[in-house]
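**Q** Mind having a look at this structure? Questions to follow.
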There are 2 protein chains.
Amino acid sequence: MRARIITIGDEILNGQTLDSNSQWISLKMAELSVQVVEATAIADTKEAIVKALDESVGKYDWIFMTGGLGPTKDDITKLTLADYFQSEMVFVQEAWDHIVELFEKRGRPVAKANKGQADVPEKSTYLPNRAGTAPGMLFEEKGSRLVSMPGVPYEMKYIMRHHILPKVEEEIKGKIINRHFRTVGIPESILADRLEDFEESLPEFIRMAYLPSPGQVKLRLTARGENGENLKEALDHAEKELRKDLGNDLAGNTEAQLAHIVGELLKASGKTLSVAESCTGGSIGQALVAEAGASAFFEGGVIAYSYAAKSDILGVNPETIKTEGAVSESVVKAMAEGVRDKFKSDFALATSGVAGPEGGTEDKPVGTVWMAMAGDFETVAVQHHFFKNRKLNIELTVVSALDMLRRKLVSEQEVIV
Amino acid sequence: MRARIITIGDEILNGQTLDSNSQWISLKMAELSVQVVEATAIADTKEAIVKALDESVGKYDWIFMTGGLGPTKDDITKLTLADYFQSEMVFVQEAWDHIVELFEKRGRPVAKANKGQADVPEKSTYLPNRAGTAPGMLFEEKGSRLVSMPGVPYEMKYIMRHHILPKVEEEIKGKIINRHFRTVGIPESILADRLEDFEESLPEFIRMAYLPSPGQVKLRLTARGENGENLKEALDHAEKELRKDLGNDLAGNTEAQLAHIVGELLKASGKTLSVAESCTGGSIGQALVAEAGASAFFEGGVIAYSYAAKSDILGVNPETIKTEGAVSESVVKAMAEGVRDKFKSDFALATSGVAGPEGGTEDKPVGTVWMAMAGDFETVAVQHHFFKNRKLNIELTVVSALDMLRRKLVSEQEVIV
């Protein structure tokens, strides 16, 4: 099956917005063996949309169109689609009820501009969007299925997850199986070297893909064939080999975020965690809390951004900060011990580093980060040398600190995740 | 001037790589008044490249092509271009010397695969790439200028910065001026209602676009015309009217993040901030710290995820938590006051809510969030009713809490940002 992605929006073409929707859709399609042949960003003008439709309808199995469905007048996708498919607009009561409900919940009157959002072209199938006010639409024409969705990422994802992906999944059931794995702390090239023999040993019908992100590489094994049972068996065998090769460097056979994996390990062991964050400023807490159910293991923590917070709240000796600096082994260890004590948690993680772009010294250049882990064992600390980029350094610190705890939990529990 | 961006690479179309090159080029072109009409990602096959060339050569003033110039065999852009423009390959001594020099620096022998990289089609202008081994190429044909560059972002940027941007800068005659604004806490549709008259009053050559994200809508005014002075004057007038219409709902004429805007306001007033985060779990701290220079105003805070943290660390009366619940006006106010006291900051923000998807009650359904602000005034608290989506609820809470402080700071300082 072949697909095209069409992103509608001047904000993409003048560089104001990064088009992450296309990547997300591409990734999902790759998992379902739908080949994205082209991904195009176009202006939100009738002319550009019609040109893209001419190029696509009847030529691709799937056409994914995002953007241009908001209530304001610069959003003209829907009218253009109705026109193109020579279809009258019909009012959808369900869509309208949902819009009214959304506004009522927020205690606001429905705006005039939202009125038209409950209309969809007669020829389309209405795709409910519980994540926003603009409904999705599915057109079937000349052998193409065209999905029109809002450009807001979580609304697009809602529609894809609830209406489109299950449809495609049903169509390919048993013929394509994906399995995901997460590795942490190993650069892609090193990983590729380590897995060279493993890759060679894979049967023709299983392919492996590397999906790198800061500090992590996801691996995807895709098996394709007619017999689902055979595929599953072959994947089981491959997974066993992969686990042998990677050991604890493998963070699980899951697409779940690292924070989720750590959370599951903590829950399984009935242990709790607190954090003391300096350079990460709350980002570890944020990552943990982003996953539902964090209250089962996460006590909270202290964002100790200032010297005063480190000493007054966490009990770090001000003398140590003065002599060794806030970014030091002694301080980060004291932070971890201080917060663990304060929050009476089983484990504690602490971070202190020079995230940049300013604040580096010859001794401790930008990218220098200390992190520590405390528990019912001697507190451990590690120093990392990351990069010049603030955002990246914070992200890598979060990943590395969580992975420190993951490795500890895995080694303690001897469980396989 | 009209441009098209063509991104060549399977890694984009299967979702492995996020195409950030297109955004960067688009941003640069917008600044230079070159209108990017389309941005397309295609596979690295000869067929796909030829199709894209057919669609582009002679139809755009500029064609920016990235990717497919590496030394490995799946990179076929250069051969396809030579073929397409019926051009012989010629060896460029300068390109070869540079490749040899790069490998010598790394202490490696030149790989066999790199040999062909010093060749470029005779009809193209060789564009030296000091950032890597693959040279850029400039073709001029049928009124189009086509630039072929490697896909590695810093190599692409090197070639653009050194060979292309200066050229375009010199050539601009017509003008496009963009101005950006940020509004917080008003849904797009309500905003559109409020700005209906304003939009009507805009002259033909100024267009307004709404760029929504959770809890916020950015507005962009774009003026196009031949006389830059006139455009600027008309935009000044439009901005004045917009400010009149929106008042404090306008968070500034800037593309900066809300956390940055709040940070700037705090710095301008010499005031400091601390946070007490329950449902947001560190996300406000994270947003503040993501901006460089946060230490000037951010003291830190407490992630008070558990009841114990709320009472033991922040001094919230456990009786109050028991009788009114952790998600309540009294508790969130006490959290804000407690953290302000503890961190000796001028202001404090606190959050407590049911982020979901579990934990909702009839009384306090998922999406119920209390937030408070403390300072040298009577502590204020607001209740919000957000949605069912955890991630979205957390994001909206961060935005709303920061906006609460922004409005306070703006009204106190009577400054215009």
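Letters A, B, ... go to the chains of the structure tokens in the order shown; residues in each chain start at 1; ligands are counted from 1 in the same order.
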Write down, as a VMD selection string, each residue of chain B that has any atom within 6 Å of an atom of chain A, counting only C-alpha atoms.
**A** chain B and resid 13 to 16 18 23 26 to 27 30 36 38 to 42 189 to 190 281 to 283 285 to 286 289 299 to 306 385
**Q** Least-squares superposition of chain B on chain A, every Cα paired in order: what RMSD, in Å?
**A**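 Across the paired C-alpha atoms, the RMSD reaches 4.3 Å.
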**Q** Would you pick out the contacts of B:Val399 at 9 Å or less, using only C-alpha atoms, so that residues sharing its chain but fewer than 2 positions from it are not included, and give the list as a ChimeraX atom specification?
**A** /B:184-185,214-216,258-259,284,394-397,401-404
**Q** With C-alpha atoms retained, write the just-selected residues as a PDB file, in the first residue's frame.
**A**
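That gives us out_9.pdb:
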```pdb
ATOM      1  CA  VAL B 184      -2.623  33.163  26.256  1.00  0.00           C
ATOM      2  CA  GLY B 185      -5.771  31.668  27.703  1.00  0.00           C
ATOM      3  CA  PRO B 214      -2.423  24.256  23.873  1.00  0.00           C
ATOM      4  CA  GLY B 215      -3.673  27.251  25.870  1.00  0.00           C
ATOM      5  CA  GLN B 216      -2.103  29.727  23.499  1.00  0.00           C
ATOM      6  CA  LEU B 258       5.656  32.083  27.595  1.00  0.00           C
ATOM      7  CA  ALA B 259       8.226  30.922  30.174  1.00  0.00           C
ATOM      8  CA  ILE B 284       6.759  24.560  35.459  1.00  0.00           C
ATOM      9  CA  ILE B 394      -0.337  19.181  32.506  1.00  0.00           C
ATOM     10  CA  GLU B 395       0.639  21.433  29.598  1.00  0.00           C
ATOM     11  CA  LEU B 396      -2.437  23.622  30.070  1.00  0.00           C
ATOM     12  CA  THR B 397      -1.773  23.884  33.790  1.00  0.00           C
ATOM     13  CA  ALA B 401      -0.091  29.173  35.946  1.00  0.00           C
ATOM     14  CA  LEU B 402       2.638  31.061  34.114  1.00  0.00           C
ATOM     15  CA  ASP B 403       0.034  33.322  32.562  1.00  0.00           C
ATOM     16  CA  MET B 404      -1.421  34.081  35.990  1.00  0.00           C
TER      17      MET B 404
END
```
**Q** Find the distance between atom CA of B:Trp370 and atom CA of B:Gly325 and write it in Å to one decimal.
**A**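 So the answer is 11.3 Å.
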**Q** Which residue out of B:Arg224, B:Lys78, B:Met65, B:Gly247 has the minimum interatomic distance to B:Arg194 when only C-alpha atoms are used?
**A**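 Checking each candidate against B:Arg194, we get B:Gly247 as the closest.
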